[in-house]
$ cat model17.txt   # compact mmCIF, C-alpha atoms and all ligand atoms
# COMPACT_ATOMS: atom_id res chain seq x y z
CA VAL A 603 0.00 0.00 0.00
CA ARG A 604 1.61 3.23 -1.16
CA VAL A 605 0.78 6.56 0.48
CA THR A 606 1.53 9.96 -1.06
CA VAL A 607 1.17 13.01 1.14
CA VAL A 608 -0.37 15.42 -1.36
CA GLY A 609 -0.78 18.04 1.32
CA CYS A 610 -0.41 18.12 5.09
CA SER A 611 -0.91 21.73 6.20
CA PRO A 612 -3.09 22.55 9.17
CA ALA A 613 -6.07 24.92 8.96
CA CYS A 614 -3.73 27.86 8.33
CA PRO A 615 -1.54 26.62 5.46
CA ASN A 616 2.20 26.39 5.98
CA PRO A 617 4.25 28.59 3.61
CA GLY A 618 3.77 27.18 0.12
CA GLY A 619 1.75 24.35 1.59
CA VAL A 620 -1.21 22.29 0.45
CA GLN A 621 -3.90 21.32 2.94
CA SER A 622 -5.03 17.82 3.87
CA GLY A 623 -4.88 15.20 1.12
CA TYR A 624 -3.38 11.69 1.22
CA LEU A 625 -3.41 9.47 -1.84
CA VAL A 626 -3.53 5.75 -0.99
CA GLU A 627 -2.77 3.30 -3.80
CA HIS A 628 -2.88 -0.48 -3.89
CA GLY A 629 -2.97 -2.49 -7.10
CA GLU A 630 -5.40 -0.72 -9.40
CA THR A 631 -7.19 1.08 -6.58
CA ARG A 632 -6.59 4.75 -5.76
CA VAL A 633 -8.33 6.49 -2.87
CA LEU A 634 -7.81 10.07 -1.73
CA LEU A 635 -8.25 10.67 2.00
CA ASP A 636 -9.47 14.25 2.37
CA CYS A 637 -9.32 16.92 -0.31
CA GLY A 638 -8.29 20.25 1.17
CA PRO A 639 -7.41 23.45 -0.67
CA GLY A 640 -4.47 22.97 -3.02
CA VAL A 641 -4.85 19.20 -3.38
CA LEU A 642 -6.47 19.22 -6.82
CA GLY A 643 -3.85 21.54 -8.31
CA LYS A 644 -1.05 19.46 -6.80
CA LEU A 645 -2.48 16.22 -8.23
CA ARG A 646 -2.85 17.90 -11.60
CA GLU A 647 0.92 18.41 -11.75
CA THR A 648 1.22 14.73 -12.69
CA GLU A 649 -2.10 13.86 -14.35
CA THR A 650 -4.46 16.05 -16.35
CA TRP A 651 -7.32 14.98 -14.15
CA PRO A 652 -6.85 12.79 -11.06
CA ALA A 653 -7.95 9.23 -11.79
CA VAL A 654 -9.12 8.23 -8.32
CA ASP A 655 -11.75 5.65 -7.47
CA ALA A 656 -12.94 7.52 -4.39
CA ILE A 657 -12.44 10.54 -2.20
CA VAL A 658 -13.13 9.97 1.49
CA ILE A 659 -13.78 13.10 3.56
CA SER A 660 -13.05 12.75 7.27
CA HIS A 661 -15.06 15.82 8.30
CA LEU A 662 -16.48 19.02 6.94
CA HIS A 663 -13.78 21.49 7.88
CA LEU A 664 -12.57 23.54 4.95
CA ASP A 665 -8.95 22.36 5.19
CA HIS A 666 -10.22 18.79 4.62
CA PHE A 667 -12.86 19.22 1.91
CA GLY A 668 -12.33 22.63 0.24
CA ASP A 669 -11.15 21.31 -3.12
CA VAL A 670 -14.35 19.32 -3.57
CA VAL A 671 -15.64 22.66 -4.89
CA PRO A 672 -13.19 23.13 -7.80
CA TRP A 673 -13.13 19.34 -8.35
CA SER A 674 -16.91 19.48 -8.96
CA LEU A 675 -16.50 22.38 -11.35
CA GLY A 676 -13.50 21.01 -13.23
CA ALA A 677 -14.98 17.55 -13.63
CA SER A 678 -17.49 18.87 -16.15
CA THR A 679 -14.57 19.81 -18.42
CA PHE A 680 -11.81 17.33 -17.60
CA ALA A 681 -13.19 14.17 -16.02
CA ALA A 682 -14.32 12.57 -19.29
CA GLY A 683 -17.28 10.95 -17.58
CA ARG A 684 -15.21 9.50 -14.76
CA ARG A 685 -17.26 9.82 -11.59
CA PRO A 686 -15.41 8.82 -8.42
CA GLU A 687 -17.22 7.94 -5.25
CA LEU A 688 -17.34 10.77 -2.71
CA TRP A 689 -17.63 9.30 0.79
CA LEU A 690 -18.86 11.63 3.52
CA PRO A 691 -19.79 11.23 7.16
CA ARG A 692 -23.49 10.56 7.61
CA GLY A 693 -25.37 13.86 7.74
CA ALA A 694 -22.61 15.82 6.01
CA ILE A 695 -24.12 15.61 2.54
CA GLY A 696 -26.82 18.17 3.30
CA ARG A 697 -24.27 20.60 4.68
CA LEU A 698 -21.96 20.10 1.69
CA ARG A 699 -24.87 20.80 -0.65
CA ASP A 700 -25.62 23.95 1.33
CA VAL A 701 -22.01 25.12 0.94
CA LEU A 702 -21.89 24.49 -2.81
CA GLY A 703 -25.34 26.03 -3.20
CA ALA A 704 -24.23 29.19 -1.41
CA LEU A 705 -21.26 29.37 -3.77
CA GLY A 706 -23.57 29.03 -6.76
CA VAL A 707 -22.08 25.71 -7.90
CA GLY A 708 -24.50 23.23 -6.35
CA ALA A 709 -25.50 21.79 -9.71
CA PHE A 710 -21.98 20.49 -10.34
CA LEU A 711 -21.75 18.11 -7.37
CA ASP A 712 -23.84 15.13 -8.49
CA PRO A 713 -22.54 14.98 -12.08
CA ALA A 714 -18.99 14.90 -10.66
CA PHE A 715 -19.36 12.29 -7.93
CA GLU A 716 -21.23 9.21 -6.83
CA ILE A 717 -22.06 10.35 -3.34
CA ARG A 718 -21.93 7.85 -0.50
CA GLU A 719 -22.32 8.15 3.25
CA PHE A 720 -20.45 6.29 5.92
CA THR A 721 -21.01 6.02 9.62
CA GLU A 722 -18.99 3.99 12.11
CA ALA A 723 -18.72 1.02 9.80
CA ALA A 724 -16.59 -0.75 7.30
CA PHE A 725 -16.75 -0.10 3.58
CA SER A 726 -14.65 -1.01 0.59
CA VAL A 727 -13.30 0.77 -2.45
CA GLY A 728 -11.78 -1.59 -4.98
CA GLU A 729 -9.01 -3.54 -3.27
CA LEU A 730 -8.96 -1.34 -0.16
CA ASP A 731 -11.01 -2.04 2.96
CA LEU A 732 -11.80 1.00 5.08
CA ALA A 733 -13.23 1.49 8.54
CA ALA A 734 -14.43 4.79 10.01
CA ILE A 735 -14.24 5.48 13.73
CA ALA A 736 -15.75 8.60 15.30
CA VAL A 737 -13.07 10.69 17.02
CA ALA A 738 -13.11 13.81 19.21
CA HIS A 739 -12.93 17.06 17.23
CA TYR A 740 -14.78 19.95 18.85
CA ASP A 741 -18.48 19.61 17.99
CA THR A 742 -17.86 18.55 14.38
CA PRO A 743 -18.67 14.93 13.45
CA THR A 744 -15.23 13.57 12.48
CA PHE A 745 -13.98 10.11 11.62
CA GLY A 746 -10.53 8.59 11.86
CA LEU A 747 -9.93 6.02 9.16
CA ARG A 748 -8.25 2.64 8.88
CA VAL A 749 -7.31 1.57 5.37
CA GLU A 750 -6.32 -2.07 4.94
CA ALA A 751 -5.15 -4.36 2.16
CA ASP A 752 -3.13 -7.58 2.09
CA GLY A 753 -2.77 -7.55 5.87
CA ARG A 754 -1.27 -4.06 5.91
CA CYS A 755 -2.93 -1.14 7.69
CA LEU A 756 -2.67 2.62 7.34
CA ALA A 757 -4.39 4.56 10.13
CA TYR A 758 -5.35 8.21 9.75
CA SER A 759 -6.35 10.36 12.70
CA ALA A 760 -8.21 12.96 10.69
CA ASP A 761 -8.37 15.84 13.19
CA SER A 762 -8.74 14.60 16.74
CA ALA A 763 -8.03 15.33 20.35
CA PRO A 764 -6.47 12.42 22.23
CA CYS A 765 -9.17 9.88 23.09
CA ASP A 766 -9.77 6.14 23.30
CA ALA A 767 -11.27 6.18 19.81
CA LEU A 768 -8.04 7.60 18.40
CA VAL A 769 -6.13 4.71 19.99
CA ALA A 770 -8.62 2.34 18.35
CA VAL A 771 -8.03 4.00 14.98
CA ALA A 772 -4.28 3.39 15.30
CA ALA A 773 -4.36 -0.01 17.00
CA GLY A 774 -1.60 -2.19 15.58
CA ALA A 775 -1.35 -0.12 12.41
CA ASP A 776 1.75 -0.41 10.23
CA ALA A 777 1.72 3.37 9.82
CA PHE A 778 -0.26 5.92 11.80
CA LEU A 779 -0.75 9.24 10.09
CA CYS A 780 -1.54 11.40 13.09
CA GLU A 781 -2.15 15.08 13.45
CA ALA A 782 -0.11 17.08 15.93
CA THR A 783 -1.53 20.54 15.45
CA LEU A 784 -0.87 22.03 18.85
CA ASP A 785 2.23 23.33 20.57
CA ASP A 786 3.13 21.87 23.95
CA ASP A 787 0.71 24.22 25.74
CA GLY A 788 -2.19 22.29 24.19
CA GLU A 789 -5.67 23.78 24.29
CA SER A 790 -7.98 24.66 27.14
CA CYS A 791 -11.34 24.66 25.33
CA THR A 792 -14.06 22.05 25.82
CA PRO A 793 -14.61 19.91 23.91
CA ARG A 794 -11.08 19.67 22.63
CA GLY A 795 -10.18 19.11 19.00
CA HIS A 796 -6.48 18.50 18.39
CA CYS A 797 -3.33 16.80 19.69
CA THR A 798 0.00 18.10 20.85
CA LEU A 799 3.05 16.20 19.61
CA GLY A 800 3.30 14.55 23.02
CA GLU A 801 -0.30 13.36 22.77
CA ALA A 802 0.26 12.00 19.27
CA LEU A 803 3.30 10.08 20.57
CA GLU A 804 1.34 8.74 23.55
CA THR A 805 -1.45 7.58 21.24
CA HIS A 806 1.10 5.93 18.92
CA GLU A 807 2.62 4.08 21.88
CA ALA A 808 -0.73 3.07 23.40
CA ALA A 809 -1.92 1.80 20.03
CA GLY A 810 1.23 -0.15 19.25
CA SER A 811 1.49 1.32 15.77
CA ARG A 812 4.81 0.67 14.03
CA LEU A 813 5.49 4.05 12.44
CA LEU A 814 4.12 7.47 13.40
CA VAL A 815 3.82 9.95 10.56
CA VAL A 816 3.25 13.36 12.14
CA THR A 817 1.00 15.58 10.05
CA HIS A 818 -1.25 18.68 10.14
CA ARG A 819 1.62 20.35 11.99
CA PRO A 820 2.43 24.07 11.78
CA ALA A 821 5.85 24.51 10.16
CA GLU A 822 6.96 26.63 13.13
CA LEU A 823 6.73 23.66 15.51
CA ALA A 824 9.69 21.29 15.65
CA VAL A 825 9.54 17.51 15.88
CA PRO A 826 12.50 15.82 17.62
CA GLU A 827 14.07 12.92 15.71
CA ARG A 828 13.04 9.40 16.66
CA PRO A 829 13.54 6.18 14.69
CA ASP A 830 9.81 5.37 14.70
CA VAL A 831 8.66 8.89 13.75
CA VAL A 832 8.53 10.60 10.36
CA VAL A 833 7.31 14.13 9.76
CA ALA A 834 4.92 14.48 6.83
CA ARG A 835 5.70 17.02 4.12
CA ASP A 836 3.92 17.70 0.86
CA GLY A 837 5.13 15.14 -1.67
CA LEU A 838 6.34 12.56 0.86
CA VAL A 839 5.78 8.99 -0.37
CA PHE A 840 5.91 5.97 1.94
CA ASP A 841 4.93 2.33 1.69
CA VAL A 842 2.83 0.66 4.34
ZN ZN B 1 -7.74 20.11 9.89
ZN ZN B 2 -10.91 19.91 11.56

$ encode --input "model17.txt" --output "structure tokens"
Amino acid sequence: VRVTVVGCSPACPNPGGVQSGYLVEHGETRVLLDCGPGVLGKLRETETWPAVDAIVISHLHLDHFGDVVPWSLGASTFAAGRRPELWLPRGAIGRLRDVLGALGVGAFLDPAFEIREFTEAAFSVGELDLAAIAVAHYDTPTFGLRVEADGRCLAYSADSAPCDALVAVAAGADAFLCEATLDDDGESCTPRGHCTLGEALETHEAAGSRLLVVTHRPAELAVPERPDVVVARDGLVFDV
């Protein structure tokens, strides 16, 4: 299972950065986890129009779904009839339609995508098996994802505060793509929504994941070197 970090910026993009988008490939199957601002343009550097089987959106924050808007628009010109699945958390479809409607582009969504909903359950796209697990992210319904094939597992935190569900997302994963948005001071709001680096490391250790890939991290915040930790950057490719 090959993973390409298309973009890994947090909600305020890092200098020159692309926001959340992770391309997961196995055999003939290609799935994009999240599609934040900048992802479509980055993918178009190597293919005229991204040939993905599905886009899976972890939650409806702009840095994770923003490029669904230009993807919908561009598909009418470039997609040549290709209509990937667009997986959204249950209940998010209405809100996504509202957003596109307010932008005056609501009519482009359904011709561009086969829209699907997931809840806390397993689903498949081609040769990849996925499972969605609800995690703690303010008051926004948000799902961490496990992507499995051939006995290998990529876990993705989406955006999440530390919680038991986040440990379940990462349990025994070969690679755990985990956000570490906060500096060491953390956050004092309730409910919480993100992890510090220390909390990401604690989750990685509690879950017994093999490799921690730190993502969604402001460029200003350092990550000390460790043999079982990699820092995501736009364009990073790793095999799970
Ligand atoms: Zn985010
Ligand atoms: Zn978020």

$ closest_atom_pairs --input "model17.txt" --of "chain A" --to "ligand ZN 2 (chain B)" --cutoff "9 Å" --atoms "only C-alpha atoms and all ligand atoms" --output "JSON lines"
{"residue": "A:Pro612", "atom": "CA", "partner": "B:ZN2", "partner_atom": "ZN", "distance": 8.6}
{"residue": "A:Ala613", "atom": "CA", "partner": "B:ZN2", "partner_atom": "ZN", "distance": 7.4}
{"residue": "A:Ser660", "atom": "CA", "partner": "B:ZN2", "partner_atom": "ZN", "distance": 8.6}
{"residue": "A:His661", "atom": "CA", "partner": "B:ZN2", "partner_atom": "ZN", "distance": 6.7}
{"residue": "A:Leu662", "atom": "CA", "partner": "B:ZN2", "partner_atom": "ZN", "distance": 7.3}
{"residue": "A:His663", "atom": "CA", "partner": "B:ZN2", "partner_atom": "ZN", "distance": 4.9}
{"residue": "A:Leu664", "atom": "CA", "partner": "B:ZN2", "partner_atom": "ZN", "distance": 7.7}
{"residue": "A:Asp665", "atom": "CA", "partner": "B:ZN2", "partner_atom": "ZN", "distance": 7.1}
{"residue": "A:His666", "atom": "CA", "partner": "B:ZN2", "partner_atom": "ZN", "distance": 7.1}
{"residue": "A:His739", "atom": "CA", "partner": "B:ZN2", "partner_atom": "ZN", "distance": 6.7}
{"residue": "A:Tyr740", "atom": "CA", "partner": "B:ZN2", "partner_atom": "ZN", "distance": 8.3}
{"residue": "A:Thr742", "atom": "CA", "partner": "B:ZN2", "partner_atom": "ZN", "distance": 7.6}
{"residue": "A:Thr744", "atom": "CA", "partner": "B:ZN2", "partner_atom": "ZN", "distance": 7.7}
{"residue": "A:Ala760", "atom": "CA", "partner": "B:ZN2", "partner_atom": "ZN", "distance": 7.5}
{"residue": "A:Asp761", "atom": "CA", "partner": "B:ZN2", "partner_atom": "ZN", "distance": 5.1}
{"residue": "A:Ser762", "atom": "CA", "partner": "B:ZN2", "partner_atom": "ZN", "distance": 7.7}
{"residue": "A:Gly795", "atom": "CA", "partner": "B:ZN2", "partner_atom": "ZN", "distance": 7.5}
{"residue": "A:His796", "atom": "CA", "partner": "B:ZN2", "partner_atom": "ZN", "distance": 8.3}

$ residues_around --input "model17.txt" --residues "Phe710 in chain A" --least-positions-apart "4" --cutoff "8 Å" --atoms "all atoms listed in the file" --output "list in words"
Ser674, Leu675, Ser678 and Ala714 of chain A

$ write_last_selection --input "model17.txt" --atoms "C-alpha atoms" --output "CSV table (one decimal), in the coordinates of the input"
chain,number,residue,atom,x,y,z
A,674,SER,CA,-16.9,19.5,-9.0
A,675,LEU,CA,-16.5,22.4,-11.4
A,678,SER,CA,-17.5,18.9,-16.2
A,714,ALA,CA,-19.0,14.9,-10.7

$ residues_around --input "model17.txt" --residues "range 617-626 of chain A" --least-positions-apart "2" --cutoff "8 Å" --atoms "all atoms listed in the file" --output "PyMOL selection string"
chain A and resi 603-613+615+628+632-641+644+665-666+818+821+836

$ residues_around --input "model17.txt" --residues "Asp731 in chain A" --least-positions-apart "2" --cutoff "10 Å" --atoms "all atoms listed in the file" --output "JSON, numbers by chain"
{"A": [724, 725, 726, 727, 728, 729, 733, 748, 749, 750, 751, 752, 755]}

$ write_last_selection --input "model17.txt" --atoms "C-alpha atoms" --output "PDB file, keeping the file's coordinate frame"
ATOM      1  CA  ALA A 724     -16.590  -0.750   7.300  1.00  0.00           C
ATOM      2  CA  PHE A 725     -16.750  -0.100   3.580  1.00  0.00           C
ATOM      3  CA  SER A 726     -14.650  -1.010   0.590  1.00  0.00           C
ATOM      4  CA  VAL A 727     -13.300   0.770  -2.450  1.00  0.00           C
ATOM      5  CA  GLY A 728     -11.780  -1.590  -4.980  1.00  0.00           C
ATOM      6  CA  GLU A 729      -9.010  -3.540  -3.270  1.00  0.00           C
ATOM      7  CA  ALA A 733     -13.230   1.490   8.540  1.00  0.00           C
ATOM      8  CA  ARG A 748      -8.250   2.640   8.880  1.00  0.00           C
ATOM      9  CA  VAL A 749      -7.310   1.570   5.370  1.00  0.00           C
ATOM     10  CA  GLU A 750      -6.320  -2.070   4.940  1.00  0.00           C
ATOM     11  CA  ALA A 751      -5.150  -4.360   2.160  1.00  0.00           C
ATOM     12  CA  ASP A 752      -3.130  -7.580   2.090  1.00  0.00           C
ATOM     13  CA  CYS A 755      -2.930  -1.140   7.690  1.00  0.00           C
TER      14      CYS A 755
END

$ closest_residue --input "model17.txt" --among "A:Ala682, A:Val842, A:Cys797, A:Leu768" --to "ligand ZN 1 (chain B)" --atoms "only C-alpha atoms and all ligand atoms"
A:Cys797

$ closest_residue --input "model17.txt" --among "A:Val771, A:Cys791, A:Leu732, A:Ala782" --to "ligand ZN 1 (chain B)" --atoms "only C-alpha atoms and all ligand atoms"
A:Ala782

$ closest_residue --input "model17.txt" --among "A:Pro820, A:Gly703, A:Gly753, A:Gly708" --to "ligand ZN 1 (chain B)" --atoms "all atoms listed in the file"
A:Pro820

$ decode --input "model17.txt" --residues "range 700-762 of chain A" --atoms "C-alpha atoms" --output "mmCIF file, in the first residue's frame"
data_model
loop_
_atom_site.group_PDB
_atom_site.id
_atom_site.type_symbol
_atom_site.label_atom_id
_atom_site.label_comp_id
_atom_site.auth_asym_id
_atom_site.auth_seq_id
_atom_site.Cartn_x
_atom_site.Cartn_y
_atom_site.Cartn_z
ATOM 1 C CA ASP A 700 -25.619 23.953 1.327
ATOM 2 C CA VAL A 701 -22.011 25.118 0.937
ATOM 3 C CA LEU A 702 -21.895 24.486 -2.805
ATOM 4 C CA GLY A 703 -25.338 26.026 -3.199
ATOM 5 C CA ALA A 704 -24.233 29.189 -1.406
ATOM 6 C CA LEU A 705 -21.261 29.375 -3.771
ATOM 7 C CA GLY A 706 -23.567 29.033 -6.762
ATOM 8 C CA VAL A 707 -22.084 25.711 -7.902
ATOM 9 C CA GLY A 708 -24.500 23.234 -6.347
ATOM 10 C CA ALA A 709 -25.505 21.791 -9.708
ATOM 11 C CA PHE A 710 -21.985 20.489 -10.338
ATOM 12 C CA LEU A 711 -21.750 18.109 -7.375
ATOM 13 C CA ASP A 712 -23.836 15.128 -8.491
ATOM 14 C CA PRO A 713 -22.545 14.975 -12.076
ATOM 15 C CA ALA A 714 -18.990 14.900 -10.660
ATOM 16 C CA PHE A 715 -19.356 12.292 -7.928
ATOM 17 C CA GLU A 716 -21.225 9.212 -6.827
ATOM 18 C CA ILE A 717 -22.060 10.352 -3.337
ATOM 19 C CA ARG A 718 -21.933 7.850 -0.500
ATOM 20 C CA GLU A 719 -22.320 8.146 3.255
ATOM 21 C CA PHE A 720 -20.447 6.289 5.923
ATOM 22 C CA THR A 721 -21.009 6.021 9.617
ATOM 23 C CA GLU A 722 -18.990 3.989 12.105
ATOM 24 C CA ALA A 723 -18.724 1.021 9.798
ATOM 25 C CA ALA A 724 -16.593 -0.746 7.296
ATOM 26 C CA PHE A 725 -16.750 -0.100 3.582
ATOM 27 C CA SER A 726 -14.652 -1.006 0.586
ATOM 28 C CA VAL A 727 -13.297 0.770 -2.446
ATOM 29 C CA GLY A 728 -11.782 -1.592 -4.984
ATOM 30 C CA GLU A 729 -9.008 -3.537 -3.273
ATOM 31 C CA LEU A 730 -8.956 -1.339 -0.155
ATOM 32 C CA ASP A 731 -11.006 -2.038 2.963
ATOM 33 C CA LEU A 732 -11.804 0.999 5.082
ATOM 34 C CA ALA A 733 -13.231 1.492 8.536
ATOM 35 C CA ALA A 734 -14.425 4.787 10.006
ATOM 36 C CA ILE A 735 -14.239 5.475 13.729
ATOM 37 C CA ALA A 736 -15.749 8.600 15.301
ATOM 38 C CA VAL A 737 -13.073 10.694 17.018
ATOM 39 C CA ALA A 738 -13.111 13.808 19.208
ATOM 40 C CA HIS A 739 -12.925 17.061 17.229
ATOM 41 C CA TYR A 740 -14.778 19.953 18.851
ATOM 42 C CA ASP A 741 -18.479 19.607 17.994
ATOM 43 C CA THR A 742 -17.861 18.548 14.381
ATOM 44 C CA PRO A 743 -18.665 14.933 13.451
ATOM 45 C CA THR A 744 -15.231 13.573 12.480
ATOM 46 C CA PHE A 745 -13.975 10.109 11.616
ATOM 47 C CA GLY A 746 -10.533 8.593 11.858
ATOM 48 C CA LEU A 747 -9.927 6.020 9.159
ATOM 49 C CA ARG A 748 -8.253 2.644 8.881
ATOM 50 C CA VAL A 749 -7.310 1.568 5.372
ATOM 51 C CA GLU A 750 -6.317 -2.070 4.939
ATOM 52 C CA ALA A 751 -5.147 -4.358 2.158
ATOM 53 C CA ASP A 752 -3.127 -7.576 2.093
ATOM 54 C CA GLY A 753 -2.771 -7.552 5.869
ATOM 55 C CA ARG A 754 -1.273 -4.058 5.914
ATOM 56 C CA CYS A 755 -2.934 -1.143 7.691
ATOM 57 C CA LEU A 756 -2.673 2.617 7.344
ATOM 58 C CA ALA A 757 -4.388 4.555 10.135
ATOM 59 C CA TYR A 758 -5.354 8.211 9.749
ATOM 60 C CA SER A 759 -6.351 10.357 12.702
ATOM 61 C CA ALA A 760 -8.212 12.956 10.689
ATOM 62 C CA ASP A 761 -8.369 15.836 13.185
ATOM 63 C CA SER A 762 -8.737 14.598 16.739
#
